[in-house]
Amino acid sequence: MSAIQDAPPLAAAAPRVSTARRGVWLVLGLAVALAPLWLLESFHLFQLTMAVIMSLAVLGLNIVTGYNGQISLGHGAFFAIGAYVTAILMAQADWSFYATLPFAAAVCGMVGYAVGLPALRLGGLYLALVTFSLAVAVPQLLKHRALEDWTGGVQGLFLMKPEPPAWLTARVAITPDQFMYLVALVVAALCYLLAWNLIRGRIGRALMATRDHPTAAEAMGMDIAALKTRAFAVSAMITGVAGALSAAAVEFVAPDSFTFLLSISLFVGMVVGGVASILGSVFGGLFVLFVPNIAESISRAAPGVIYGIILIVFLFALPEGVAGLVRRVLARLGGRSH
Amino acid sequence: MDAFLLQLAAGIATGGIYASVALAIVMIYQATHHVNFAQGEMATLSTFIALTFIQAGFPYWVAFGATLAVSFVMGALVERLIMRPVQHAPILTHVGVYIGMLLIIGNLTGWVFGYTTKVFPSPFEGGGPMFGGLLSAHQLGSVGVTLAVLVLVYLFFTKTSLGLAMRAAAYNPRSARLVGIRVDVMLALGWGLAAAIGSVAGMMVAPIVFLDPNMMLGILLYAFAGALLGGIDNPPGAVVGGFLVGVLENLAGAYIVGTELKLSVALVIIIGVLVLKPSGLFGRVVFSRV
């Protein structure tokens, strides 16, 4: 297995953590995740909900681009499909939100698999190009007349966020916004757990080996084609679930919410958060949601300039992203304490 | 039949635009083996610069020449300052830098010159419709300019020693360096040339679609499709591909999918070419030894 060991260990051999310490971290993490429920008022809570959703979308992109090395600039398309599947089923067929989630995941998984097939024949830059054109074409496709009966055309579709169930409202006072945050958090946590288990196991190693040494990986008996297409499917599925959540949180979908800029900001979020890093996806989601606002406050006229400069500066100075920085700082602190 | 001819002629005219952007893409590809996503934004910026020259009172062709020079310098500077430091970085980094440039240049253009749509003059006014109203003077003129640029590029790459050196630097940098070619200068030259060709495309398309900061986004995709269709490493192929895409787009828009889905035609062409014939119609089939 030397070929795999030669590859840069991106799932940086985590130091063994004792069960007790793990428990402490878990409780701390839960506290940080749940505190906003009481600390933030409705608008900021909504923003945080969107940040959770975006980090889930970035996680999806990270699986195929970060871990498997297939550059996608079109993940906004899967986000849009997930959002529209949920919106159509809820608005047109009166499904409950929870029932639409697995359906959205399945549809996106299948579309992702289908996109993954031609992607097999394309190396890095070409794939970026094809997915980029997919991202540009999405709003046009959503607006198309043939689909208008389902998608509502340019006007889009309205839907309702899931109501907090009666057994919960009977015990605690919880608003729909707070409940939506909880739902997003739980779904995202499940997807992160899934991704983490996928990446740290045999499949994750195979994904990274395919990225770093395709020839060697194939010589070790890995089915490159199957790995790549399935990576695309899982990635699209996760990003699609994020899209479905966003449709519910925003209570509205329209073609122009899914322009190519969405795909680009997911990509930028991934680079800034940390390529091939689960933790990085969390930072990526926060970046996607909050940095455009900050950029706008620095320069109202040209927020895109700030955004682009941040991206290029990160690529030059900090290619491992925020997650890499955090890891380095922690390593240094750890080194000092010994 | 007349309607069909009209669509065909319109297709050839827009195809000329795609052909010149495709040519710029192929130029970058020849010089660096990369595809620059920010090509369209750079061309738009050049076109705005041209408009500034024209509004300052310069005659059209003087402004045209000045814009070529400015764009050339701009392209070479981008290579020197932005691309050079990440020369040996993974492809993901390059894609990231292209995307960053796309955002920066696109927004900067809008910020400096405003987002309102502007009229851009054409140098080929006054001829009136030609060939029974099939082509306007500007359409004919822009096709002519595209072909002229193609011939110049072809002569440059095949007949001059500088062109040969550039091809060598892209084909095999190490050997090129050993025979005394300054590979890094060639890279900067390649970027400069591509930016200049892109600016020609921008100035030719602006009178048709009107000038605004997002003018090039769709055009860039068609041009990519054209470059791939003709073969990404073949300048004449890219021009033929560009014209073909223009015609296909217009005919498909008129008779098959309707105008709203025209962009998807580019997507279909790109995917179709890459899946069925990745080397394009006229490209070389590349073998890589592992």
# chains A, B, ... in the order shown; residues from 1 in each chain; ligands from 1
$ residues_around --residues "Leu45 in chain B" --least-positions-apart "4" --cutoff "12 Å" --atoms "only C-alpha atoms" --output "PyMOL selection string"
chain B and resi 38-41+49-52+67-68+70-71+74-75+102+104-114+195-196+198-203+206+211-216
$ residues_around --residues "Val253 in chain A" --least-positions-apart "2" --cutoff "12 Å" --atoms "only C-alpha atoms" --output "PyMOL selection string"
chain A and resi 79-88+90-91+139+142-143+150-160+243-251+255-258
$ atom_distance --atom1 "CA of Ala165 in chain B" --atom2 "CA of Lys277 in chain B"
29.4 Å
$ interface_residues --of "chain B" --to "chain A" --cutoff "7 Å" --atoms "only C-alpha atoms" --output "PyMOL selection string"
chain B and resi 91-93+97+100-101+103-104+107-108+111+221+260-261+263-264+267+270-271+275
$ write_last_selection --atoms "N, CA and C atoms" --output "compact mmCIF listing (two decimals), in the first residue's frame"
# COMPACT_ATOMS: atom_id res chain seq x y z
N ILE B 91 -3.59 22.25 -10.31
CA ILE B 91 -4.60 22.85 -11.20
C ILE B 91 -5.68 23.57 -10.41
N LEU B 92 -6.03 23.00 -9.26
CA LEU B 92 -7.07 23.61 -8.44
C LEU B 92 -6.73 25.06 -8.12
N THR B 93 -5.44 25.30 -7.82
CA THR B 93 -5.00 26.66 -7.52
C THR B 93 -5.19 27.55 -8.74
N VAL B 97 -7.36 30.89 -9.05
CA VAL B 97 -6.83 32.20 -9.42
C VAL B 97 -7.62 32.78 -10.59
N GLY B 100 -10.78 34.06 -9.23
CA GLY B 100 -10.51 35.30 -8.52
C GLY B 100 -10.37 36.47 -9.48
N MET B 101 -9.64 36.24 -10.56
CA MET B 101 -9.44 37.32 -11.55
C MET B 101 -10.75 37.69 -12.21
N LEU B 103 -13.69 37.55 -10.90
CA LEU B 103 -14.46 38.39 -9.98
C LEU B 103 -13.86 39.79 -9.91
N ILE B 104 -12.53 39.86 -9.78
CA ILE B 104 -11.90 41.17 -9.59
C ILE B 104 -12.08 42.03 -10.84
N ASN B 107 -15.81 43.00 -11.58
CA ASN B 107 -16.34 44.01 -10.67
C ASN B 107 -15.68 45.36 -10.83
N LEU B 108 -14.36 45.30 -11.08
CA LEU B 108 -13.62 46.54 -11.26
C LEU B 108 -14.16 47.30 -12.47
N TRP B 111 -17.38 48.88 -11.58
CA TRP B 111 -17.18 49.95 -10.61
C TRP B 111 -16.67 51.20 -11.30
N LEU B 221 -18.57 31.26 -23.08
CA LEU B 221 -18.95 29.84 -23.11
C LEU B 221 -19.04 29.34 -24.55
N GLU B 260 -34.62 30.99 -25.40
CA GLU B 260 -34.27 31.00 -23.98
C GLU B 260 -33.20 29.98 -23.66
N LEU B 261 -33.12 28.95 -24.48
CA LEU B 261 -32.21 27.86 -24.12
C LEU B 261 -30.91 27.89 -24.91
N LEU B 263 -28.06 29.17 -24.41
CA LEU B 263 -26.83 28.88 -23.66
C LEU B 263 -26.64 27.38 -23.47
N SER B 264 -27.76 26.68 -23.31
CA SER B 264 -27.66 25.25 -23.12
C SER B 264 -27.10 24.57 -24.36
N LEU B 267 -23.56 24.33 -23.80
CA LEU B 267 -23.29 23.26 -22.85
C LEU B 267 -23.31 21.90 -23.55
N ILE B 270 -20.26 21.49 -25.76
CA ILE B 270 -19.05 21.22 -24.97
C ILE B 270 -19.02 19.78 -24.50
N ILE B 271 -20.14 19.34 -23.90
CA ILE B 271 -20.16 17.98 -23.37
C ILE B 271 -20.06 16.98 -24.51
N VAL B 275 -17.07 14.29 -24.84
CA VAL B 275 -17.36 12.87 -24.66
C VAL B 275 -17.10 12.09 -25.94
$ residues_around --residues "Gln178 in chain A" --least-positions-apart "5" --cutoff "12 Å" --atoms "only C-alpha atoms" --output "list in words"
Leu34, Ala35, Pro36, Leu37, Trp38, Leu39, Leu40, Glu41, Ser42, Phe43, His44, Leu45, Phe46, Gln47, Leu48, Thr49, Lys161, Pro162, Glu163, Pro164, Leu168, Thr169, Val172, Ala173, Val183, Ala184, Leu185 and Ala249 of chain A
$ write_last_selection --atoms "C-alpha atoms" --output "compact mmCIF listing (two decimals), in the first residue's frame"
# COMPACT_ATOMS: atom_id res chain seq x y z
CA LEU A 34 -27.20 25.33 20.43
CA ALA A 35 -26.39 28.61 22.19
CA PRO A 36 -27.49 30.79 19.23
CA LEU A 37 -31.05 29.45 19.73
CA TRP A 38 -31.36 31.69 22.76
CA LEU A 39 -28.72 34.31 22.04
CA LEU A 40 -29.69 35.44 18.57
CA GLU A 41 -32.81 37.18 17.42
CA SER A 42 -34.73 35.97 14.43
CA PHE A 43 -32.80 37.57 11.53
CA HIS A 44 -29.37 36.61 12.80
CA LEU A 45 -30.62 33.13 13.59
CA PHE A 46 -31.83 32.88 9.99
CA GLN A 47 -28.40 33.92 8.77
CA LEU A 48 -26.78 31.31 10.94
CA THR A 49 -29.21 28.71 9.63
CA LYS A 161 -40.95 26.12 6.62
CA PRO A 162 -41.73 23.01 8.66
CA GLU A 163 -43.78 23.79 11.75
CA PRO A 164 -42.40 22.72 15.10
CA LEU A 168 -42.23 20.02 21.21
CA THR A 169 -44.25 23.23 21.38
CA VAL A 172 -40.90 24.52 25.27
CA ALA A 173 -41.62 27.81 23.58
CA VAL A 183 -33.64 20.93 11.72
CA ALA A 184 -30.77 22.31 9.62
CA LEU A 185 -28.33 21.58 12.41
CA ALA A 249 -35.45 28.08 5.31
$ atom_distance --atom1 "CA of Pro176 in chain A" --atom2 "CA of Ala236 in chain A"
27.8 Å
$ select_by_dssp --residues "range 108-257 of chain A" --states "strand (DSSP E or B)" --output "MDAnalysis selection string"
chainID A and resid 157:158 252:253
$ residues_around --residues "range 170-184 of chain B" --least-positions-apart "5" --cutoff "10 Å" --atoms "only C-alpha atoms" --output "mmCIF file with N, CA and C atoms, in the first residue's frame"
data_model
loop_
_atom_site.group_PDB
_atom_site.id
_atom_site.type_symbol
_atom_site.label_atom_id
_atom_site.label_comp_id
_atom_site.auth_asym_id
_atom_site.auth_seq_id
_atom_site.Cartn_x
_atom_site.Cartn_y
_atom_site.Cartn_z
ATOM 1 N N ILE B 28 -3.776 31.293 -25.447
ATOM 2 C CA ILE B 28 -3.341 31.048 -24.070
ATOM 3 C C ILE B 28 -2.990 29.587 -23.905
ATOM 4 N N TYR B 29 -3.825 28.741 -24.510
ATOM 5 C CA TYR B 29 -3.589 27.311 -24.359
ATOM 6 C C TYR B 29 -2.256 26.922 -24.982
ATOM 7 N N GLN B 30 -1.964 27.505 -26.143
ATOM 8 C CA GLN B 30 -0.699 27.186 -26.801
ATOM 9 C C GLN B 30 0.478 27.664 -25.978
ATOM 10 N N ALA B 31 0.310 28.806 -25.332
ATOM 11 C CA ALA B 31 1.437 29.372 -24.603
ATOM 12 C C ALA B 31 1.587 28.748 -23.215
ATOM 13 N N THR B 32 0.491 28.296 -22.616
ATOM 14 C CA THR B 32 0.581 27.872 -21.216
ATOM 15 C C THR B 32 -0.059 26.522 -20.945
ATOM 16 N N HIS B 33 -0.782 25.949 -21.931
ATOM 17 C CA HIS B 33 -1.571 24.723 -21.736
ATOM 18 C C HIS B 33 -2.635 24.907 -20.666
ATOM 19 N N GLU B 79 0.208 37.840 -16.211
ATOM 20 C CA GLU B 79 1.065 36.647 -16.161
ATOM 21 C C GLU B 79 2.189 36.844 -15.153
ATOM 22 N N ARG B 80 2.866 38.001 -15.276
ATOM 23 C CA ARG B 80 4.025 38.267 -14.418
ATOM 24 C C ARG B 80 3.645 38.297 -12.943
ATOM 25 N N ARG B 84 2.598 33.924 -12.373
ATOM 26 C CA ARG B 84 3.962 33.431 -12.146
ATOM 27 C C ARG B 84 4.153 32.758 -10.790
ATOM 28 N N LEU B 162 10.161 34.033 -33.399
ATOM 29 C CA LEU B 162 9.540 34.258 -32.089
ATOM 30 C C LEU B 162 8.361 33.310 -31.880
ATOM 31 N N ALA B 165 9.634 29.948 -31.157
ATOM 32 C CA ALA B 165 10.142 29.876 -29.786
ATOM 33 C C ALA B 165 8.996 29.734 -28.808
ATOM 34 N N LEU B 189 4.549 36.813 -23.070
ATOM 35 C CA LEU B 189 4.159 37.204 -24.429
ATOM 36 C C LEU B 189 2.850 36.534 -24.830
ATOM 37 N N GLY B 190 2.742 35.243 -24.519
ATOM 38 C CA GLY B 190 1.532 34.498 -24.862
ATOM 39 C C GLY B 190 0.307 35.123 -24.222
#
$ residues_around --residues "Ala242 in chain A" --least-positions-apart "4" --cutoff "7 Å" --atoms "only C-alpha atoms" --output "PyMOL selection string"
chain A and resi 53-54+56-57+79+238+246
$ write_last_selection --atoms "C-alpha atoms" --output "tab-separated table (two decimals), in the first residue's frame"
chain	number	residue	atom	x	y	z
A	53	ILE	CA	-26.76	25.04	5.12
A	54	MET	CA	-23.95	26.57	3.07
A	56	LEU	CA	-23.21	21.50	4.15
A	57	ALA	CA	-23.12	22.50	0.48
A	79	PHE	CA	-28.03	22.93	-4.84
A	238	ILE	CA	-25.03	16.25	0.13
A	246	SER	CA	-32.33	26.25	1.96
$ residues_around --residues "range 11-14 of chain B" --least-positions-apart "6" --cutoff "6 Å" --atoms "only C-alpha atoms" --output "PyMOL selection string"
chain B and resi 139+243+246-247+250
$ select_by_dssp --residues "range 61-285 of chain B" --states "alpha helix (DSSP H)" --output "JSON, numbers by chain"
{"B": [61, 62, 63, 64, 65, 66, 67, 68, 69, 70, 71, 72, 73, 74, 75, 76, 77, 78, 91, 92, 93, 94, 95, 96, 97, 98, 99, 100, 101, 102, 103, 104, 105, 106, 107, 108, 109, 110, 111, 112, 113, 137, 138, 139, 140, 141, 142, 143, 144, 145, 146, 147, 148, 149, 150, 151, 152, 153, 154, 155, 156, 157, 158, 159, 161, 162, 163, 164, 165, 166, 167, 168, 169, 170, 171, 173, 174, 175, 176, 177, 178, 183, 184, 185, 186, 187, 188, 189, 190, 191, 192, 193, 194, 195, 196, 197, 198, 199, 200, 201, 202, 203, 204, 205, 206, 207, 208, 209, 216, 217, 218, 219, 220, 221, 222, 223, 224, 225, 226, 227, 228, 229, 230, 235, 236, 237, 238, 239, 240, 241, 242, 243, 244, 245, 246, 247, 248, 249, 250, 251, 262, 263, 264, 265, 266, 267, 268, 269, 270, 271, 272, 273, 274, 275, 276]}
$ closest_residue --among "B:Val265, B:Leu23, B:Ala3, B:Leu229" --to "Ala148 in chain B" --atoms "only C-alpha atoms"
B:Leu23
$ residues_around --residues "Pro214 in chain A" --least-positions-apart "5" --cutoff "9 Å" --atoms "only C-alpha atoms" --output "ChimeraX atom specification"
/A:209,219,224
